[in-house]
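Quick notes on the structure that follows.
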Amino acid sequence: MTYRGKLHVIASAAGHLFELYANGSFPVFEAEWKPSWQISANKFSKKYYMLLQQLSKKASLFVNACDYDIEGSVIGYNIIRFFGDIKRAKRMKFSALTKDEILKAYNSMSELDYPYINAGIARHYVDWLWGINVSRFLMRSLHKVSKKRITLSAGRVQTPTLYEVISKEFKRETYVPEPYFRIKLTVTLGSIPYSFTLSKIFENKKDAEKVAELLKKGYLEVVKVERINKTLERPPPFNLGDLQAEAGRIFGFSPYKTERVAEELYLEGLISYPRTNSQKIPPSVNVEEIIKELGKGPYGFLVSKLNSMVVGGRYLIKQGKEEDPAHPAIYPTGEKPGKITKDALKLYELIVRRFLASASGDANINSIKVVTRVHPLEYVEELNFQSVVNPGWLSIYTYTQVKSFQGYIDIKEGTKIPISKVSIALEISKPEARYTKVSLLKWMEKVGIGTEATRGNIIEILFKRKYLSQKGKYIYPTPLGISIVNVLKENFPELVSVKLTTEMENMLKDVQRGKIDKDQAIELVKRKLSEYFTKYSNIEEKIGLALAKPLGLVKYEKCEICELEAFKDKLCEWHFEALKNLKEKINLWKIRTGYSEGVIIKKLYKSSATGIYTKEVIKKYFLDDVSHAN
DNA sequence: GCAAGGTC
Ligand SMILES: [Zn+2]
């Protein structure tokens, strides 16, 4: 384009066109930037590379207009320094690809942003040095012992993620639930029988029985009735993490799949840039125009619903808390979908409904809180009944359903409600849930490792390495994954912890502020790794052996129940822990319930709260006894 | 071949 009398040529990169690269030696501390297309099997970036190289020959000024974050700064810097001239270069900064923001950024462009560039370069080196060297160390060690070449890896993001799955799973699968008792009452509300469980917890069955006996002659007295009108606020538009969570919940998509399909929609021009953490839509996005366009398409009926809710004709998008330096939240462009896959259409509709919901109205809920005294005891019990009086956004975003109490509640202060039935319920404690791909991604988000663009993929890498496996929707570690974590935790403790990322980010901030030089920061990592590998030159066999065992490449003493290495009493650490927990908890069960061991074992074996390793221990050592005894 | 980060 010609603007203000000057010819401007705008050409796009496609992510990093250059990557760090070195030969195959070990340890390796020197790396150079090399064109991505020369390294990777995928040559897609070559055409972008060639074009930018050609155009750069004729340019008098170079402007980096990549994403306004440290990666965007590195992407543009590398292109300018390898093809152009960093002395004739500028930086544009904007957080949404809208006319307003682009014009503003154009009119206020700055010199090249070295604080960001240097921090970005340091980030690349730190990850490369740790990842390449430790991965090579693992593979060399295994090769020494087994002569096998098997791809193994470790890294700042993938290793803490693997460690998290394993530590959570260790607790989950060796879990033995504890018993407790609660009292269930059935009363008549108006003309409807209504059952609920008293909140009071009884550790021992006998205590619960005593109280239940008293309640048979008891009643509920209504102490207070409160009617509260609550609002259920409409949700903000999607960032990628929320989209991945919802597509997982609703369609069963993995986070990686959602990211891929979202990219497809983006390239089709149907949605805005998907790899964003923002839940906000800035005023520079023309929401009115987008909704008008959507109204003409297949989702026009949703726009009609929306318009019936909005007063005054102005849409007010609910803004979320999460932010992104380079992009707004995900929104539909208003373009009509052409021929796209079934999955793409599902995801598109989800994004459309969420966007329209964020522009619609909050739902109104009528909630009745009934405070009762349970006679003849002094328990105060709260009963809550809610019904949706105005669905608002719930009628557009129909993936979220709110239960409504059906029926009329005719009670007021002083009303006495007879108890028609009393029973005792055995309840058991619940363990923390197993990870799914989605909940693992949410964990990564929470602790702050990885980015929108990488989290889904890094989870898939752990599966490709056969460190993790999936059954149904749940994730389980493999023996190889367990050995990898054991080896890394013992020898490179930094690498299993999220702290490595926190500390790296602090270091990057110092580089940005000029408190330390990027080369100094990189040097510190090299020194640390160098010390490690000098120290470990004579333990490669030991480490190789630990990795060869789960791969079945060497003989070793196995657990009596599984393939893991025996740890104590012919059991692996996991089965040993499960047996220990089980023995302790059986006693607790006996005291609290008065059940025989046989009954307890059967209940535990049947319960979904009991861990897998616990069940295997039960099967091996207890179950036969039980069937003989009976 | 190996990381994590871009994007195809
Ligand atoms: Zn075992």
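Each chain in the structure tokens gets a letter, A, B, ..., in the order shown, and its residues are numbered from 1; ligands are numbered from 1 in order too.
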Give me the residues of chain B that have any atom at most 6 Å from an atom of chain A; for each, the nearest atom pair and the distance in Å, rounded to one decimal. Use only C-alpha atoms (C1' of nucleotides), sort by chain and number, and format it as JSON lines.
{"residue": "B:DC2", "atom": "C1'", "partner": "A:Ile132", "partner_atom": "CA", "distance": 4.9}
{"residue": "B:DA3", "atom": "C1'", "partner": "A:Gly131", "partner_atom": "CA", "distance": 4.4}
{"residue": "B:DG6", "atom": "C1'", "partner": "A:Gly15", "partner_atom": "CA", "distance": 3.7}
{"residue": "B:DT7", "atom": "C1'", "partner": "A:Gly15", "partner_atom": "CA", "distance": 5.1}
Any chance you could list, as number ranges by chain, the residues in range 308-426 of chain A that come up strand (DSSP E or B) when DSSP is run on the backbone?
A: 332, 363-375, 379-390, 416-426
Just the alpha helix (DSSP H) stuff from range 13-122 of chain A, please, per backbone DSSP, written as a PyMOL selection string.
chain A and resi 36-39+46-56+70-83+99-107+114-122
Considering only C-alpha atoms and all ligand atoms, can you say which of A:Trp393, A:Tyr77, A:Phe170, A:Phe405 comes closest to ligand 1?
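Looking at the shortest contact to ligand 1, the residue is A:Phe170.
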Please extract the residues at most 7 Å from ligand 1, counting only C-alpha atoms (C1' of nucleotides) and all ligand atoms, and provide them as a list of chain:residue names, using the chain letters and residue numbers of this document.
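Going residue by residue within 7 Å of ligand 1, we get A:Cys559, A:Glu560, A:Ile561, A:Cys562, A:Glu563, A:Leu564, A:Leu571, A:Cys572, A:Glu573, A:Trp574, A:His575.
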From the list A:Thr593, A:Asn457, A:Ser108, A:Ser497, which residue is nearest DA4 in chain B when using only C-alpha atoms (C1' of nucleotides)?
A:Asn457
Could you list, as a PDB file with N, CA and C atoms, in the first residue's frame, every residue within 12 Å of Lys580 in chain A, counting only C-alpha atoms (C1' of nucleotides) and ignoring same-chain residues fewer than 6 positions away?
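Dumped everything to part-v7.pdb:
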ATOM      1  N   THR A 174      -3.278 -45.550  45.348  1.00  0.00           N
ATOM      2  CA  THR A 174      -3.022 -46.294  46.583  1.00  0.00           C
ATOM      3  C   THR A 174      -4.024 -45.866  47.658  1.00  0.00           C
ATOM      4  N   TYR A 175      -5.062 -45.179  47.206  1.00  0.00           N
ATOM      5  CA  TYR A 175      -6.040 -44.609  48.128  1.00  0.00           C
ATOM      6  C   TYR A 175      -6.955 -45.686  48.727  1.00  0.00           C
ATOM      7  N   VAL A 176      -7.221 -45.525  50.021  1.00  0.00           N
ATOM      8  CA  VAL A 176      -8.211 -46.376  50.686  1.00  0.00           C
ATOM      9  C   VAL A 176      -9.205 -45.437  51.364  1.00  0.00           C
ATOM     10  N   LYS A 568      10.073 -53.565  48.271  1.00  0.00           N
ATOM     11  CA  LYS A 568      10.127 -54.142  49.608  1.00  0.00           C
ATOM     12  C   LYS A 568       9.071 -55.244  49.701  1.00  0.00           C
ATOM     13  N   ASP A 569       9.370 -56.295  50.404  1.00  0.00           N
ATOM     14  CA  ASP A 569       8.426 -57.414  50.571  1.00  0.00           C
ATOM     15  C   ASP A 569       7.850 -57.899  49.230  1.00  0.00           C
ATOM     16  N   LEU A 571       7.142 -56.327  46.710  1.00  0.00           N
ATOM     17  CA  LEU A 571       6.191 -55.404  46.086  1.00  0.00           C
ATOM     18  C   LEU A 571       6.901 -54.149  45.578  1.00  0.00           C
ATOM     19  N   GLU A 573       6.955 -49.976  44.911  1.00  0.00           N
ATOM     20  CA  GLU A 573       6.607 -48.899  45.842  1.00  0.00           C
ATOM     21  C   GLU A 573       5.103 -48.652  45.894  1.00  0.00           C
ATOM     22  N   TRP A 574       4.450 -48.781  44.747  1.00  0.00           N
ATOM     23  CA  TRP A 574       3.029 -48.440  44.660  1.00  0.00           C
ATOM     24  C   TRP A 574       2.179 -49.490  45.376  1.00  0.00           C
ATOM     25  N   ILE A 586      -8.239 -50.746  57.309  1.00  0.00           N
ATOM     26  CA  ILE A 586      -9.142 -51.837  57.693  1.00  0.00           C
ATOM     27  C   ILE A 586      -9.467 -51.734  59.184  1.00  0.00           C
ATOM     28  N   ASN A 587      -8.447 -51.417  59.967  1.00  0.00           N
ATOM     29  CA  ASN A 587      -8.676 -51.247  61.404  1.00  0.00           C
ATOM     30  C   ASN A 587      -9.647 -50.124  61.697  1.00  0.00           C
ATOM     31  N   TYR A 613      -4.232 -49.658  42.540  1.00  0.00           N
ATOM     32  CA  TYR A 613      -3.206 -50.483  43.194  1.00  0.00           C
ATOM     33  C   TYR A 613      -3.763 -51.107  44.469  1.00  0.00           C
ATOM     34  N   THR A 614      -4.608 -50.362  45.162  1.00  0.00           N
ATOM     35  CA  THR A 614      -5.253 -50.913  46.356  1.00  0.00           C
ATOM     36  C   THR A 614      -6.108 -52.121  45.986  1.00  0.00           C
ATOM     37  N   VAL A 617      -4.005 -55.123  45.289  1.00  0.00           N
ATOM     38  CA  VAL A 617      -3.514 -55.715  46.531  1.00  0.00           C
ATOM     39  C   VAL A 617      -4.626 -56.533  47.200  1.00  0.00           C
ATOM     40  N   ILE A 618      -5.839 -55.998  47.173  1.00  0.00           N
ATOM     41  CA  ILE A 618      -6.985 -56.726  47.745  1.00  0.00           C
ATOM     42  C   ILE A 618      -7.172 -58.059  47.020  1.00  0.00           C
TER      43      ILE A 618
END
One decimal, Å: what's the distance from CA of Phe29 in chain A over to CA of Asp519 in chain A, could you say?
12.4 Å
For Gly248 in chain A: contacts at 10 Å, only C-alpha atoms (C1' of nucleotides), fewer than 2 positions along chain excluded, given as a PyMOL selection string:
chain A and resi 242-246+250-255+257-258+436-439+473
Expressed in Å to a single decimal, how great is the separation between CA of Lys499 in chain A and CA of Ile121 in chain A?
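Spanning CA of Lys499 in chain A to CA of Ile121 in chain A is a straight-line distance of 20.1 Å.
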Residues near range 355-358 of chain A, cut-off 6 Å, only C-alpha atoms (C1' of nucleotides), skip fewer than 4 positions along chain, as an MDAnalysis selection string
chainID A and resid 234:237 317:318 393 396:397
Please, could you write that set of residues out with N, CA, C and O atoms as a PDB file, in the first residue's frame?
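Result written to selection01.pdb:
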ATOM      1  N   ARG A 234     -23.578 -13.803  33.108  1.00  0.00           N
ATOM      2  CA  ARG A 234     -23.189 -14.380  31.823  1.00  0.00           C
ATOM      3  C   ARG A 234     -21.675 -14.534  31.776  1.00  0.00           C
ATOM      4  O   ARG A 234     -20.955 -13.777  32.433  1.00  0.00           O
ATOM      5  N   PRO A 235     -21.183 -15.512  31.010  1.00  0.00           N
ATOM      6  CA  PRO A 235     -19.738 -15.738  30.996  1.00  0.00           C
ATOM      7  C   PRO A 235     -19.037 -14.771  30.048  1.00  0.00           C
ATOM      8  O   PRO A 235     -19.672 -14.233  29.132  1.00  0.00           O
ATOM      9  N   PRO A 236     -17.742 -14.552  30.231  1.00  0.00           N
ATOM     10  CA  PRO A 236     -16.984 -13.745  29.271  1.00  0.00           C
ATOM     11  C   PRO A 236     -16.717 -14.579  28.018  1.00  0.00           C
ATOM     12  O   PRO A 236     -16.876 -15.798  28.050  1.00  0.00           O
ATOM     13  N   PRO A 237     -16.303 -13.954  26.922  1.00  0.00           N
ATOM     14  CA  PRO A 237     -15.938 -14.741  25.734  1.00  0.00           C
ATOM     15  C   PRO A 237     -14.732 -15.650  26.032  1.00  0.00           C
ATOM     16  O   PRO A 237     -14.038 -15.467  27.024  1.00  0.00           O
ATOM     17  N   ILE A 317     -20.517  -6.503  26.175  1.00  0.00           N
ATOM     18  CA  ILE A 317     -19.800  -7.773  26.334  1.00  0.00           C
ATOM     19  C   ILE A 317     -19.282  -7.896  27.757  1.00  0.00           C
ATOM     20  O   ILE A 317     -18.665  -6.965  28.276  1.00  0.00           O
ATOM     21  N   LYS A 318     -19.546  -9.037  28.353  1.00  0.00           N
ATOM     22  CA  LYS A 318     -18.994  -9.301  29.678  1.00  0.00           C
ATOM     23  C   LYS A 318     -17.491  -9.494  29.533  1.00  0.00           C
ATOM     24  O   LYS A 318     -17.040 -10.355  28.778  1.00  0.00           O
ATOM     25  N   TRP A 393     -28.788 -15.537  29.445  1.00  0.00           N
ATOM     26  CA  TRP A 393     -27.764 -16.147  28.589  1.00  0.00           C
ATOM     27  C   TRP A 393     -27.867 -17.675  28.518  1.00  0.00           C
ATOM     28  O   TRP A 393     -27.407 -18.291  27.552  1.00  0.00           O
ATOM     29  N   ILE A 396     -29.122 -19.109  25.379  1.00  0.00           N
ATOM     30  CA  ILE A 396     -28.239 -19.072  24.193  1.00  0.00           C
ATOM     31  C   ILE A 396     -27.104 -20.087  24.352  1.00  0.00           C
ATOM     32  O   ILE A 396     -26.802 -20.860  23.448  1.00  0.00           O
ATOM     33  N   TYR A 397     -26.503 -20.085  25.525  1.00  0.00           N
ATOM     34  CA  TYR A 397     -25.400 -21.020  25.807  1.00  0.00           C
ATOM     35  C   TYR A 397     -26.011 -22.242  26.487  1.00  0.00           C
ATOM     36  O   TYR A 397     -25.902 -22.434  27.694  1.00  0.00           O
TER      37      TYR A 397
END
